[in-house]
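**Student:** Provided below: data16.pdb, containing PDB, N, CA and C atoms.
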ATOM      1  N   MET R   1     -32.180   4.572 -28.364
ATOM      2  CA  MET R   1     -32.048   5.576 -27.333
ATOM      3  C   MET R   1     -32.482   4.997 -25.988
ATOM      4  N   ASP R   2     -33.582   4.240 -25.987
ATOM      5  CA  ASP R   2     -34.079   3.659 -24.748
ATOM      6  C   ASP R   2     -33.071   2.685 -24.148
ATOM      7  N   VAL R   3     -32.401   1.921 -24.998
ATOM      8  CA  VAL R   3     -31.394   0.972 -24.520
ATOM      9  C   VAL R   3     -30.233   1.733 -23.880
ATOM     10  N   LEU R   4     -29.812   2.834 -24.489
ATOM     11  CA  LEU R   4     -28.723   3.645 -23.947
ATOM     12  C   LEU R   4     -29.100   4.228 -22.589
ATOM     13  N   ILE R   5     -30.298   4.778 -22.473
ATOM     14  CA  ILE R   5     -30.742   5.354 -21.194
ATOM     15  C   ILE R   5     -30.869   4.268 -20.132
ATOM     16  N   SER R   6     -31.374   3.109 -20.506
ATOM     17  CA  SER R   6     -31.476   1.994 -19.561
ATOM     18  C   SER R   6     -30.097   1.542 -19.083
ATOM     19  N   ALA R   7     -29.133   1.468 -20.012
ATOM     20  CA  ALA R   7     -27.777   1.062 -19.643
ATOM     21  C   ALA R   7     -27.136   2.093 -18.715
ATOM     22  N   LEU R   8     -27.313   3.374 -19.015
ATOM     23  CA  LEU R   8     -26.781   4.421 -18.140
ATOM     24  C   LEU R   8     -27.446   4.376 -16.773
ATOM     25  N   GLY R   9     -28.744   4.062 -16.735
ATOM     26  CA  GLY R   9     -29.459   3.934 -15.465
ATOM     27  C   GLY R   9     -28.942   2.773 -14.638
ATOM     28  N   THR R  10     -28.601   1.667 -15.289
ATOM     29  CA  THR R  10     -28.062   0.507 -14.589
ATOM     30  C   THR R  10     -26.728   0.836 -13.926
ATOM     31  N   LYS R  11     -25.930   1.663 -14.590
ATOM     32  CA  LYS R  11     -24.627   2.070 -14.048
ATOM     33  C   LYS R  11     -24.745   3.224 -13.057
ATOM     34  N   GLY R  12     -25.964   3.767 -12.867
ATOM     35  CA  GLY R  12     -26.150   4.883 -11.949
ATOM     36  C   GLY R  12     -25.750   6.230 -12.525
ATOM     37  N   LEU R  13     -25.607   6.312 -13.851
ATOM     38  CA  LEU R  13     -25.195   7.551 -14.499
ATOM     39  C   LEU R  13     -26.370   8.377 -15.021
ATOM     40  N   ALA R  14     -27.549   7.787 -15.052
ATOM     41  CA  ALA R  14     -28.741   8.497 -15.523
ATOM     42  C   ALA R  14     -29.939   7.982 -14.739
ATOM     43  N   ARG R  15     -30.966   8.802 -14.699
ATOM     44  CA  ARG R  15     -32.194   8.399 -14.014
ATOM     45  C   ARG R  15     -33.380   8.890 -14.830
ATOM     46  N   ARG R  16     -34.325   8.016 -15.054
ATOM     47  CA  ARG R  16     -35.534   8.353 -15.789
ATOM     48  C   ARG R  16     -36.503   9.010 -14.816
ATOM     49  N   LEU R  17     -36.871  10.265 -15.087
ATOM     50  CA  LEU R  17     -37.749  10.996 -14.186
ATOM     51  C   LEU R  17     -39.223  10.778 -14.488
ATOM     52  N   ALA R  18     -39.546  10.551 -15.734
ATOM     53  CA  ALA R  18     -40.949  10.368 -16.103
ATOM     54  C   ALA R  18     -41.019   9.590 -17.405
ATOM     55  N   GLU R  19     -42.113   8.928 -17.593
ATOM     56  CA  GLU R  19     -42.369   8.233 -18.847
ATOM     57  C   GLU R  19     -43.740   8.661 -19.346
ATOM     58  N   PRO R  20     -43.831   9.869 -19.889
ATOM     59  CA  PRO R  20     -45.143  10.305 -20.361
ATOM     60  C   PRO R  20     -45.528   9.588 -21.649
ATOM     61  N   ASN R  21     -46.799   9.359 -21.801
ATOM     62  CA  ASN R  21     -47.345   8.827 -23.041
ATOM     63  C   ASN R  21     -48.136   9.946 -23.702
ATOM     64  N   LEU R  22     -47.638  10.437 -24.811
ATOM     65  CA  LEU R  22     -48.319  11.493 -25.560
ATOM     66  C   LEU R  22     -48.848  10.896 -26.842
ATOM     67  N   THR R  23     -50.083  11.224 -27.169
ATOM     68  CA  THR R  23     -50.703  10.693 -28.371
ATOM     69  C   THR R  23     -51.120  11.848 -29.266
ATOM     70  N   THR R  24     -50.673  11.812 -30.509
ATOM     71  CA  THR R  24     -51.075  12.824 -31.496
ATOM     72  C   THR R  24     -51.281  12.146 -32.843
ATOM     73  N   LEU R  25     -51.890  12.870 -33.721
ATOM     74  CA  LEU R  25     -52.009  12.409 -35.103
ATOM     75  C   LEU R  25     -50.754  12.794 -35.860
ATOM     76  N   SER R  26     -50.443  12.054 -36.874
ATOM     77  CA  SER R  26     -49.276  12.354 -37.695
ATOM     78  C   SER R  26     -49.353  13.792 -38.213
ATOM     79  N   GLY R  27     -48.296  14.565 -37.973
ATOM     80  CA  GLY R  27     -48.249  15.952 -38.424
ATOM     81  C   GLY R  27     -48.725  16.956 -37.382
ATOM     82  N   ASP R  28     -49.387  16.497 -36.321
ATOM     83  CA  ASP R  28     -49.840  17.409 -35.273
ATOM     84  C   ASP R  28     -48.751  17.588 -34.214
ATOM     85  N   ALA R  29     -48.767  18.735 -33.539
ATOM     86  CA  ALA R  29     -47.785  19.035 -32.502
ATOM     87  C   ALA R  29     -48.277  18.565 -31.141
ATOM     88  N   ALA R  30     -47.319  18.233 -30.277
ATOM     89  CA  ALA R  30     -47.627  17.885 -28.891
ATOM     90  C   ALA R  30     -46.569  18.520 -28.002
ATOM     91  N   ARG R  31     -46.931  18.793 -26.742
ATOM     92  CA  ARG R  31     -46.005  19.394 -25.778
ATOM     93  C   ARG R  31     -46.139  18.675 -24.454
ATOM     94  N   PHE R  32     -45.000  18.590 -23.761
ATOM     95  CA  PHE R  32     -44.965  18.007 -22.418
ATOM     96  C   PHE R  32     -44.129  18.932 -21.547
ATOM     97  N   LEU R  33     -44.652  19.300 -20.385
ATOM     98  CA  LEU R  33     -43.942  20.190 -19.462
ATOM     99  C   LEU R  33     -43.673  19.443 -18.161
ATOM    100  N   ALA R  34     -42.395  19.252 -17.857
ATOM    101  CA  ALA R  34     -41.992  18.708 -16.551
ATOM    102  C   ALA R  34     -41.547  19.918 -15.735
ATOM    103  N   GLY R  35     -42.442  20.452 -14.974
ATOM    104  CA  GLY R  35     -42.200  21.668 -14.207
ATOM    105  C   GLY R  35     -43.534  22.190 -13.749
ATOM    106  N   GLY R  36     -43.856  23.380 -14.156
ATOM    107  CA  GLY R  36     -45.138  23.938 -13.771
ATOM    108  C   GLY R  36     -45.302  25.356 -14.271
ATOM    109  N   GLU R  37     -46.250  26.046 -13.685
ATOM    110  CA  GLU R  37     -46.486  27.452 -13.993
ATOM    111  C   GLU R  37     -46.437  28.227 -12.689
ATOM    112  N   PHE R  38     -45.871  29.418 -12.741
ATOM    113  CA  PHE R  38     -45.740  30.245 -11.554
ATOM    114  C   PHE R  38     -46.502  31.544 -11.762
ATOM    115  N   PRO R  39     -47.331  31.960 -10.772
ATOM    116  CA  PRO R  39     -48.101  33.200 -10.937
ATOM    117  C   PRO R  39     -47.216  34.424 -10.732
ATOM    118  N   ILE R  40     -47.288  35.358 -11.665
ATOM    119  CA  ILE R  40     -46.541  36.613 -11.581
ATOM    120  C   ILE R  40     -47.556  37.750 -11.502
ATOM    121  N   PRO R  41     -47.577  38.516 -10.390
ATOM    122  CA  PRO R  41     -48.503  39.651 -10.302
ATOM    123  C   PRO R  41     -48.016  40.804 -11.173
ATOM    124  N   ILE R  42     -48.934  41.386 -11.933
ATOM    125  CA  ILE R  42     -48.625  42.502 -12.825
ATOM    126  C   ILE R  42     -49.447  43.708 -12.374
ATOM    127  N   PRO R  43     -48.811  44.718 -11.731
ATOM    128  CA  PRO R  43     -49.569  45.901 -11.312
ATOM    129  C   PRO R  43     -49.827  46.824 -12.503
ATOM    130  N   THR R  44     -51.037  47.353 -12.602
ATOM    131  CA  THR R  44     -51.400  48.321 -13.645
ATOM    132  C   THR R  44     -52.230  49.425 -13.010
ATOM    133  N   GLN R  45     -52.339  50.551 -13.693
ATOM    134  CA  GLN R  45     -53.153  51.679 -13.230
ATOM    135  C   GLN R  45     -54.448  51.708 -14.039
ATOM    136  N   THR R  46     -55.556  51.904 -13.362
ATOM    137  CA  THR R  46     -56.827  52.055 -14.067
ATOM    138  C   THR R  46     -56.953  53.502 -14.517
ATOM    139  N   THR R  47     -57.979  53.800 -15.276
ATOM    140  CA  THR R  47     -58.161  55.166 -15.771
ATOM    141  C   THR R  47     -58.441  56.150 -14.647
ATOM    142  N   ASN R  48     -59.011  55.692 -13.526
ATOM    143  CA  ASN R  48     -59.272  56.603 -12.405
ATOM    144  C   ASN R  48     -58.104  56.646 -11.413
ATOM    145  N   GLY R  49     -56.964  56.010 -11.745
ATOM    146  CA  GLY R  49     -55.767  56.110 -10.924
ATOM    147  C   GLY R  49     -55.598  55.050  -9.859
ATOM    148  N   PHE R  50     -56.537  54.162  -9.708
ATOM    149  CA  PHE R  50     -56.418  53.103  -8.702
ATOM    150  C   PHE R  50     -55.600  51.941  -9.261
ATOM    151  N   PRO R  51     -54.696  51.408  -8.453
ATOM    152  CA  PRO R  51     -53.903  50.274  -8.942
ATOM    153  C   PRO R  51     -54.721  48.989  -8.950
ATOM    154  N   THR R  52     -54.503  48.193  -9.949
ATOM    155  CA  THR R  52     -55.095  46.861 -10.012
ATOM    156  C   THR R  52     -53.976  45.864 -10.295
ATOM    157  N   ILE R  53     -54.187  44.653  -9.889
ATOM    158  CA  ILE R  53     -53.183  43.620 -10.119
ATOM    159  C   ILE R  53     -53.824  42.482 -10.892
ATOM    160  N   THR R  54     -53.184  42.130 -11.998
ATOM    161  CA  THR R  54     -53.600  40.960 -12.760
ATOM    162  C   THR R  54     -52.510  39.897 -12.589
ATOM    163  N   ILE R  55     -52.841  38.674 -12.853
ATOM    164  CA  ILE R  55     -51.891  37.574 -12.700
ATOM    165  C   ILE R  55     -51.553  37.001 -14.071
ATOM    166  N   ASP R  56     -50.247  36.902 -14.328
ATOM    167  CA  ASP R  56     -49.752  36.278 -15.549
ATOM    168  C   ASP R  56     -49.002  35.013 -15.136
ATOM    169  N   TYR R  57     -49.274  33.898 -15.777
ATOM    170  CA  TYR R  57     -48.630  32.640 -15.425
ATOM    171  C   TYR R  57     -47.496  32.358 -16.395
ATOM    172  N   LYS R  58     -46.299  32.112 -15.853
ATOM    173  CA  LYS R  58     -45.118  31.805 -16.649
ATOM    174  C   LYS R  58     -44.716  30.355 -16.408
ATOM    175  N   LYS R  59     -44.416  29.653 -17.490
ATOM    176  CA  LYS R  59     -43.989  28.259 -17.392
ATOM    177  C   LYS R  59     -42.531  28.192 -16.949
ATOM    178  N   PHE R  60     -42.197  27.132 -16.202
ATOM    179  CA  PHE R  60     -40.803  26.866 -15.863
ATOM    180  C   PHE R  60     -40.583  25.367 -15.846
ATOM    181  N   GLY R  61     -39.345  24.974 -16.026
ATOM    182  CA  GLY R  61     -38.992  23.561 -16.035
ATOM    183  C   GLY R  61     -38.462  23.151 -17.395
ATOM    184  N   VAL R  62     -38.652  21.904 -17.716
ATOM    185  CA  VAL R  62     -38.216  21.364 -19.007
ATOM    186  C   VAL R  62     -39.459  21.107 -19.843
ATOM    187  N   GLU R  63     -39.530  21.762 -20.992
ATOM    188  CA  GLU R  63     -40.658  21.576 -21.903
ATOM    189  C   GLU R  63     -40.144  20.927 -23.182
ATOM    190  N   LEU R  64     -40.872  19.941 -23.633
ATOM    191  CA  LEU R  64     -40.496  19.240 -24.852
ATOM    192  C   LEU R  64     -41.659  19.311 -25.830
ATOM    193  N   GLY R  65     -41.425  19.954 -26.942
ATOM    194  CA  GLY R  65     -42.418  20.009 -28.006
ATOM    195  C   GLY R  65     -41.953  19.125 -29.149
ATOM    196  N   PHE R  66     -42.870  18.464 -29.789
ATOM    197  CA  PHE R  66     -42.469  17.649 -30.935
ATOM    198  C   PHE R  66     -43.589  17.543 -31.945
ATOM    199  N   VAL R  67     -43.180  17.301 -33.181
ATOM    200  CA  VAL R  67     -44.098  17.012 -34.276
ATOM    201  C   VAL R  67     -43.558  15.767 -34.962
ATOM    202  N   HIS R  68     -44.390  14.759 -35.079
ATOM    203  CA  HIS R  68     -43.959  13.553 -35.778
ATOM    204  C   HIS R  68     -44.784  13.374 -37.044
ATOM    205  N   THR R  69     -44.141  12.791 -38.021
ATOM    206  CA  THR R  69     -44.810  12.487 -39.281
ATOM    207  C   THR R  69     -44.497  11.043 -39.647
ATOM    208  N   VAL R  70     -45.536  10.265 -39.853
ATOM    209  CA  VAL R  70     -45.350   8.873 -40.248
ATOM    210  C   VAL R  70     -45.168   8.842 -41.764
ATOM    211  N   LEU R  71     -44.031   8.304 -42.194
ATOM    212  CA  LEU R  71     -43.702   8.208 -43.607
ATOM    213  C   LEU R  71     -43.992   6.793 -44.102
ATOM    214  N   SER R  72     -43.588   6.495 -45.305
ATOM    215  CA  SER R  72     -43.838   5.159 -45.864
ATOM    216  C   SER R  72     -43.046   4.093 -45.122
ATOM    217  N   ARG R  73     -43.535   2.882 -45.153
ATOM    218  CA  ARG R  73     -42.927   1.699 -44.543
ATOM    219  C   ARG R  73     -42.690   1.855 -43.036
ATOM    220  N   GLY R  74     -43.523   2.646 -42.354
ATOM    221  CA  GLY R  74     -43.442   2.763 -40.900
ATOM    222  C   GLY R  74     -42.329   3.649 -40.380
ATOM    223  N   VAL R  75     -41.630   4.350 -41.264
ATOM    224  CA  VAL R  75     -40.566   5.264 -40.828
ATOM    225  C   VAL R  75     -41.216   6.513 -40.225
ATOM    226  N   ILE R  76     -40.671   6.973 -39.091
ATOM    227  CA  ILE R  76     -41.220   8.151 -38.421
ATOM    228  C   ILE R  76     -40.193   9.269 -38.431
ATOM    229  N   ASN R  77     -40.597  10.429 -38.920
ATOM    230  CA  ASN R  77     -39.777  11.633 -38.886
ATOM    231  C   ASN R  77     -40.190  12.414 -37.639
ATOM    232  N   LEU R  78     -39.229  12.726 -36.768
ATOM    233  CA  LEU R  78     -39.540  13.388 -35.498
ATOM    234  C   LEU R  78     -38.751  14.687 -35.387
ATOM    235  N   ARG R  79     -39.482  15.811 -35.249
ATOM    236  CA  ARG R  79     -38.849  17.113 -34.993
ATOM    237  C   ARG R  79     -39.081  17.452 -33.526
ATOM    238  N   VAL R  80     -37.987  17.713 -32.796
ATOM    239  CA  VAL R  80     -38.052  17.951 -31.359
ATOM    240  C   VAL R  80     -37.634  19.381 -31.056
ATOM    241  N   GLU R  81     -38.371  20.026 -30.134
ATOM    242  CA  GLU R  81     -38.079  21.403 -29.726
ATOM    243  C   GLU R  81     -37.992  21.455 -28.193
ATOM    244  N   PRO R  82     -36.770  21.283 -27.621
ATOM    245  CA  PRO R  82     -36.637  21.335 -26.167
ATOM    246  C   PRO R  82     -36.513  22.771 -25.669
ATOM    247  N   SER R  83     -36.952  23.001 -24.440
ATOM    248  CA  SER R  83     -36.847  24.316 -23.805
ATOM    249  C   SER R  83     -36.648  24.104 -22.311
ATOM    250  N   VAL R  84     -35.690  24.820 -21.731
ATOM    251  CA  VAL R  84     -35.399  24.690 -20.303
ATOM    252  C   VAL R  84     -35.406  26.073 -19.667
ATOM    253  N   SER R  85     -36.105  26.211 -18.540
ATOM    254  CA  SER R  85     -36.112  27.474 -17.802
ATOM    255  C   SER R  85     -36.233  27.177 -16.321
ATOM    256  N   GLU R  86     -35.900  28.170 -15.501
ATOM    257  CA  GLU R  86     -35.994  27.987 -14.056
ATOM    258  C   GLU R  86     -36.461  29.285 -13.417
ATOM    259  N   LEU R  87     -36.928  29.181 -12.183
ATOM    260  CA  LEU R  87     -37.345  30.362 -11.438
ATOM    261  C   LEU R  87     -36.117  31.161 -11.035
ATOM    262  N   ASP R  88     -36.215  32.479 -11.107
ATOM    263  CA  ASP R  88     -35.133  33.367 -10.689
ATOM    264  C   ASP R  88     -35.557  34.032  -9.388
ATOM    265  N   PHE R  89     -35.063  33.530  -8.274
ATOM    266  CA  PHE R  89     -35.469  34.022  -6.962
ATOM    267  C   PHE R  89     -34.971  35.437  -6.683
ATOM    268  N   ALA R  90     -34.013  35.932  -7.471
ATOM    269  CA  ALA R  90     -33.512  37.287  -7.281
ATOM    270  C   ALA R  90     -34.508  38.336  -7.787
ATOM    271  N   ASN R  91     -35.473  37.933  -8.593
ATOM    272  CA  ASN R  91     -36.429  38.877  -9.174
ATOM    273  C   ASN R  91     -37.827  38.722  -8.594
ATOM    274  N   ALA R  92     -37.925  38.370  -7.326
ATOM    275  CA  ALA R  92     -39.231  38.201  -6.689
ATOM    276  C   ALA R  92     -39.927  39.547  -6.549
ATOM    277  N   VAL R  93     -41.240  39.537  -6.645
ATOM    278  CA  VAL R  93     -42.059  40.726  -6.460
ATOM    279  C   VAL R  93     -42.558  40.722  -5.019
ATOM    280  N   THR R  94     -42.469  41.885  -4.336
ATOM    281  CA  THR R  94     -42.935  41.984  -2.962
ATOM    282  C   THR R  94     -44.193  42.830  -2.906
ATOM    283  N   ILE R  95     -45.251  42.267  -2.310
ATOM    284  CA  ILE R  95     -46.526  42.966  -2.153
ATOM    285  C   ILE R  95     -46.884  42.924  -0.679
ATOM    286  N   GLN R  96     -47.030  44.081  -0.072
ATOM    287  CA  GLN R  96     -47.360  44.204   1.352
ATOM    288  C   GLN R  96     -46.434  43.363   2.222
ATOM    289  N   GLY R  97     -45.134  43.444   1.928
ATOM    290  CA  GLY R  97     -44.137  42.780   2.751
ATOM    291  C   GLY R  97     -43.930  41.308   2.503
ATOM    292  N   ARG R  98     -44.693  40.716   1.572
ATOM    293  CA  ARG R  98     -44.537  39.285   1.252
ATOM    294  C   ARG R  98     -44.033  39.109  -0.169
ATOM    295  N   SER R  99     -43.038  38.263  -0.296
ATOM    296  CA  SER R  99     -42.508  37.963  -1.606
ATOM    297  C   SER R  99     -43.433  36.974  -2.317
ATOM    298  N   THR R 100     -43.528  37.082  -3.616
ATOM    299  CA  THR R 100     -44.333  36.129  -4.392
ATOM    300  C   THR R 100     -43.710  34.741  -4.374
ATOM    301  N   LEU R 101     -42.454  34.628  -3.981
ATOM    302  CA  LEU R 101     -41.788  33.337  -3.924
ATOM    303  C   LEU R 101     -41.815  32.720  -2.533
ATOM    304  N   ASP R 102     -42.414  33.410  -1.544
ATOM    305  CA  ASP R 102     -42.567  32.846  -0.197
ATOM    306  C   ASP R 102     -43.541  31.688  -0.246
ATOM    307  N   PRO R 103     -43.299  30.652   0.569
ATOM    308  CA  PRO R 103     -44.284  29.555   0.611
ATOM    309  C   PRO R 103     -45.597  30.039   1.217
ATOM    310  N   PRO R 104     -46.719  29.442   0.833
ATOM    311  CA  PRO R 104     -48.016  29.858   1.378
ATOM    312  C   PRO R 104     -48.086  29.608   2.888
ATOM    313  N   ARG R 105     -48.840  30.440   3.579
ATOM    314  CA  ARG R 105     -48.998  30.289   5.033
ATOM    315  C   ARG R 105     -50.122  29.351   5.355
TER     316      ARG R 105
END
Mind converting the file's structure to structure tokens?

**Tutor:**
Amino acid sequence: MDVLISALGTKGLARRLAEPNLTTLSGDAARFLAGGEFPIPIPTQTTNGFPTITIDYKKFGVELGFVHTVLSRGVINLRVEPSVSELDFANAVTIQGRSTLDPPR
């Protein structure tokens, strides 16, 4: 796979964005997120009727989860779980005239 990606990169058809090194024990899960987390304000009502806002963080970007198992004679079994998401700017929350997606001042 690495040779294929390198060859595509040489031709300008692919680009390697990151080379993370993840270390786990055989059978344990690992995750890598190329993206980030975005704060989402969640308005709620308290028992006395006053609004409160809590923050929930949602992941976005490309997330890769995997579990590897080392078998006999150095063979590695790899289960991969990719996930891709992006921010939806059409669903921004506005609080006191400012969108949650506005850049900080």

**Student:** Step by step, work through what the PyMOL selection byres ((chain R and resi 55) around 5) selects in the shown file, and finish by giving those residues as a short mmCIF file (atom, residue, chain, number, x, y, z; two decimals) with N, CA and C atoms, in the frame of the given file.

**Tutor:**
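And here is the file that came out, out25.cif:
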data_model
loop_
_atom_site.label_atom_id
_atom_site.label_comp_id
_atom_site.auth_asym_id
_atom_site.auth_seq_id
_atom_site.Cartn_x
_atom_site.Cartn_y
_atom_site.Cartn_z
N ILE R 40 -47.29 35.36 -11.66
CA ILE R 40 -46.54 36.61 -11.58
C ILE R 40 -47.56 37.75 -11.50
N PRO R 41 -47.58 38.52 -10.39
CA PRO R 41 -48.50 39.65 -10.30
C PRO R 41 -48.02 40.80 -11.17
N ILE R 42 -48.93 41.39 -11.93
CA ILE R 42 -48.62 42.50 -12.82
C ILE R 42 -49.45 43.71 -12.37
N ILE R 53 -54.19 44.65 -9.89
CA ILE R 53 -53.18 43.62 -10.12
C ILE R 53 -53.82 42.48 -10.89
N THR R 54 -53.18 42.13 -12.00
CA THR R 54 -53.60 40.96 -12.76
C THR R 54 -52.51 39.90 -12.59
N ASP R 56 -50.25 36.90 -14.33
CA ASP R 56 -49.75 36.28 -15.55
C ASP R 56 -49.00 35.01 -15.14
N TYR R 57 -49.27 33.90 -15.78
CA TYR R 57 -48.63 32.64 -15.42
C TYR R 57 -47.50 32.36 -16.40
#

**Student:** I'd like to see the residues matched by the PyMOL selection byres (((chain R and resi 59 and name CA) around 10) and name CA) on this file, and ideally I'd get them as a PyMOL selection string.

**Tutor:** chain R and resi 33-39+57-58+60-63+84-87

**Student:** One decimal, Å: what's the distance from atom CA of R:Phe89 over to atom CA of R:Leu64, could you say?

**Tutor:** 23.7 Å

**Student:** Could you work out how far atom CA of R:Met1 lies from atom CA of R:Val75, giving the answer in Å with one decimal?

**Tutor:**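 If I compute the distance from atom CA of R:Val75 to atom CA of R:Met1, I get 16.0 Å.
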
**Student:** For the structure I just gave you, how does DSSP split stretch 13-92 of chain R - specifically, which residues are strand (DSSP E or B)? Reply as an MDAnalysis selection string.

**Tutor:** chainID R and resid 29:45 51:70 76:85

**Student:** Could you dump the residues just selected with N, CA and C atoms as a compact mmCIF listing (two decimals), in the frame of the given file?

**Tutor:**
# COMPACT_ATOMS: atom_id res chain seq x y z
N ALA R 29 -48.77 18.74 -33.54
CA ALA R 29 -47.78 19.04 -32.50
C ALA R 29 -48.28 18.57 -31.14
N ALA R 30 -47.32 18.23 -30.28
CA ALA R 30 -47.63 17.89 -28.89
C ALA R 30 -46.57 18.52 -28.00
N ARG R 31 -46.93 18.79 -26.74
CA ARG R 31 -46.00 19.39 -25.78
C ARG R 31 -46.14 18.68 -24.45
N PHE R 32 -45.00 18.59 -23.76
CA PHE R 32 -44.96 18.01 -22.42
C PHE R 32 -44.13 18.93 -21.55
N LEU R 33 -44.65 19.30 -20.39
CA LEU R 33 -43.94 20.19 -19.46
C LEU R 33 -43.67 19.44 -18.16
N ALA R 34 -42.40 19.25 -17.86
CA ALA R 34 -41.99 18.71 -16.55
C ALA R 34 -41.55 19.92 -15.74
N GLY R 35 -42.44 20.45 -14.97
CA GLY R 35 -42.20 21.67 -14.21
C GLY R 35 -43.53 22.19 -13.75
N GLY R 36 -43.86 23.38 -14.16
CA GLY R 36 -45.14 23.94 -13.77
C GLY R 36 -45.30 25.36 -14.27
N GLU R 37 -46.25 26.05 -13.68
CA GLU R 37 -46.49 27.45 -13.99
C GLU R 37 -46.44 28.23 -12.69
N PHE R 38 -45.87 29.42 -12.74
CA PHE R 38 -45.74 30.24 -11.55
C PHE R 38 -46.50 31.54 -11.76
N PRO R 39 -47.33 31.96 -10.77
CA PRO R 39 -48.10 33.20 -10.94
C PRO R 39 -47.22 34.42 -10.73
N ILE R 40 -47.29 35.36 -11.66
CA ILE R 40 -46.54 36.61 -11.58
C ILE R 40 -47.56 37.75 -11.50
N PRO R 41 -47.58 38.52 -10.39
CA PRO R 41 -48.50 39.65 -10.30
C PRO R 41 -48.02 40.80 -11.17
N ILE R 42 -48.93 41.39 -11.93
CA ILE R 42 -48.62 42.50 -12.82
C ILE R 42 -49.45 43.71 -12.37
N PRO R 43 -48.81 44.72 -11.73
CA PRO R 43 -49.57 45.90 -11.31
C PRO R 43 -49.83 46.82 -12.50
N THR R 44 -51.04 47.35 -12.60
CA THR R 44 -51.40 48.32 -13.64
C THR R 44 -52.23 49.42 -13.01
N GLN R 45 -52.34 50.55 -13.69
CA GLN R 45 -53.15 51.68 -13.23
C GLN R 45 -54.45 51.71 -14.04
N PRO R 51 -54.70 51.41 -8.45
CA PRO R 51 -53.90 50.27 -8.94
C PRO R 51 -54.72 48.99 -8.95
N THR R 52 -54.50 48.19 -9.95
CA THR R 52 -55.10 46.86 -10.01
C THR R 52 -53.98 45.86 -10.30
N ILE R 53 -54.19 44.65 -9.89
CA ILE R 53 -53.18 43.62 -10.12
C ILE R 53 -53.82 42.48 -10.89
N THR R 54 -53.18 42.13 -12.00
CA THR R 54 -53.60 40.96 -12.76
C THR R 54 -52.51 39.90 -12.59
N ILE R 55 -52.84 38.67 -12.85
CA ILE R 55 -51.89 37.57 -12.70
C ILE R 55 -51.55 37.00 -14.07
N ASP R 56 -50.25 36.90 -14.33
CA ASP R 56 -49.75 36.28 -15.55
C ASP R 56 -49.00 35.01 -15.14
N TYR R 57 -49.27 33.90 -15.78
CA TYR R 57 -48.63 32.64 -15.42
C TYR R 57 -47.50 32.36 -16.40
N LYS R 58 -46.30 32.11 -15.85
CA LYS R 58 -45.12 31.80 -16.65
C LYS R 58 -44.72 30.36 -16.41
N LYS R 59 -44.42 29.65 -17.49
CA LYS R 59 -43.99 28.26 -17.39
C LYS R 59 -42.53 28.19 -16.95
N PHE R 60 -42.20 27.13 -16.20
CA PHE R 60 -40.80 26.87 -15.86
C PHE R 60 -40.58 25.37 -15.85
N GLY R 61 -39.34 24.97 -16.03
CA GLY R 61 -38.99 23.56 -16.04
C GLY R 61 -38.46 23.15 -17.40
N VAL R 62 -38.65 21.90 -17.72
CA VAL R 62 -38.22 21.36 -19.01
C VAL R 62 -39.46 21.11 -19.84
N GLU R 63 -39.53 21.76 -20.99
CA GLU R 63 -40.66 21.58 -21.90
C GLU R 63 -40.14 20.93 -23.18
N LEU R 64 -40.87 19.94 -23.63
CA LEU R 64 -40.50 19.24 -24.85
C LEU R 64 -41.66 19.31 -25.83
N GLY R 65 -41.42 19.95 -26.94
CA GLY R 65 -42.42 20.01 -28.01
C GLY R 65 -41.95 19.12 -29.15
N PHE R 66 -42.87 18.46 -29.79
CA PHE R 66 -42.47 17.65 -30.94
C PHE R 66 -43.59 17.54 -31.94
N VAL R 67 -43.18 17.30 -33.18
CA VAL R 67 -44.10 17.01 -34.28
C VAL R 67 -43.56 15.77 -34.96
N HIS R 68 -44.39 14.76 -35.08
CA HIS R 68 -43.96 13.55 -35.78
C HIS R 68 -44.78 13.37 -37.04
N THR R 69 -44.14 12.79 -38.02
CA THR R 69 -44.81 12.49 -39.28
C THR R 69 -44.50 11.04 -39.65
N VAL R 70 -45.54 10.26 -39.85
CA VAL R 70 -45.35 8.87 -40.25
C VAL R 70 -45.17 8.84 -41.76
N ILE R 76 -40.67 6.97 -39.09
CA ILE R 76 -41.22 8.15 -38.42
C ILE R 76 -40.19 9.27 -38.43
N ASN R 77 -40.60 10.43 -38.92
CA ASN R 77 -39.78 11.63 -38.89
C ASN R 77 -40.19 12.41 -37.64
N LEU R 78 -39.23 12.73 -36.77
CA LEU R 78 -39.54 13.39 -35.50
C LEU R 78 -38.75 14.69 -35.39
N ARG R 79 -39.48 15.81 -35.25
CA ARG R 79 -38.85 17.11 -34.99
C ARG R 79 -39.08 17.45 -33.53
N VAL R 80 -37.99 17.71 -32.80
CA VAL R 80 -38.05 17.95 -31.36
C VAL R 80 -37.63 19.38 -31.06
N GLU R 81 -38.37 20.03 -30.13
CA GLU R 81 -38.08 21.40 -29.73
C GLU R 81 -37.99 21.46 -28.19
N PRO R 82 -36.77 21.28 -27.62
CA PRO R 82 -36.64 21.34 -26.17
C PRO R 82 -36.51 22.77 -25.67
N SER R 83 -36.95 23.00 -24.44
CA SER R 83 -36.85 24.32 -23.80
C SER R 83 -36.65 24.10 -22.31
N VAL R 84 -35.69 24.82 -21.73
CA VAL R 84 -35.40 24.69 -20.30
C VAL R 84 -35.41 26.07 -19.67
N SER R 85 -36.10 26.21 -18.54
CA SER R 85 -36.11 27.47 -17.80
C SER R 85 -36.23 27.18 -16.32

**Student:** Which residues match the PyMOL selection byres ((chain R and resi 67) around 6.5) in the file above, as an MDAnalysis selection string?

**Tutor:** chainID R and resid 27:30 65:66 68:69 77:81

**Student:** Please measure the separation of atom N of R:Glu19 and atom CA of R:Ser72, giving the value in Å to one decimal.

**Tutor:**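 Interatomic distance here is 28.6 Å.
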
**Student:** Tell me which protein, DNA and RNA residues are within 8 Å of R:Ile5, counting only N, CA and C atoms, leaving out same-chain ones fewer than 6 positions away, and put them as a list in words.

**Tutor:**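 Non-adjacent residues within range: Lys11, Leu13, Ala14, Arg15 and Arg16 of chain R.
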
**Student:** Considering only helix (DSSP H, G or I) as DSSP defines it on the backbone, what residues of chain R qualify? List them as a ChimeraX atom specification.

**Tutor:** /R:2-10,72-74,89-91
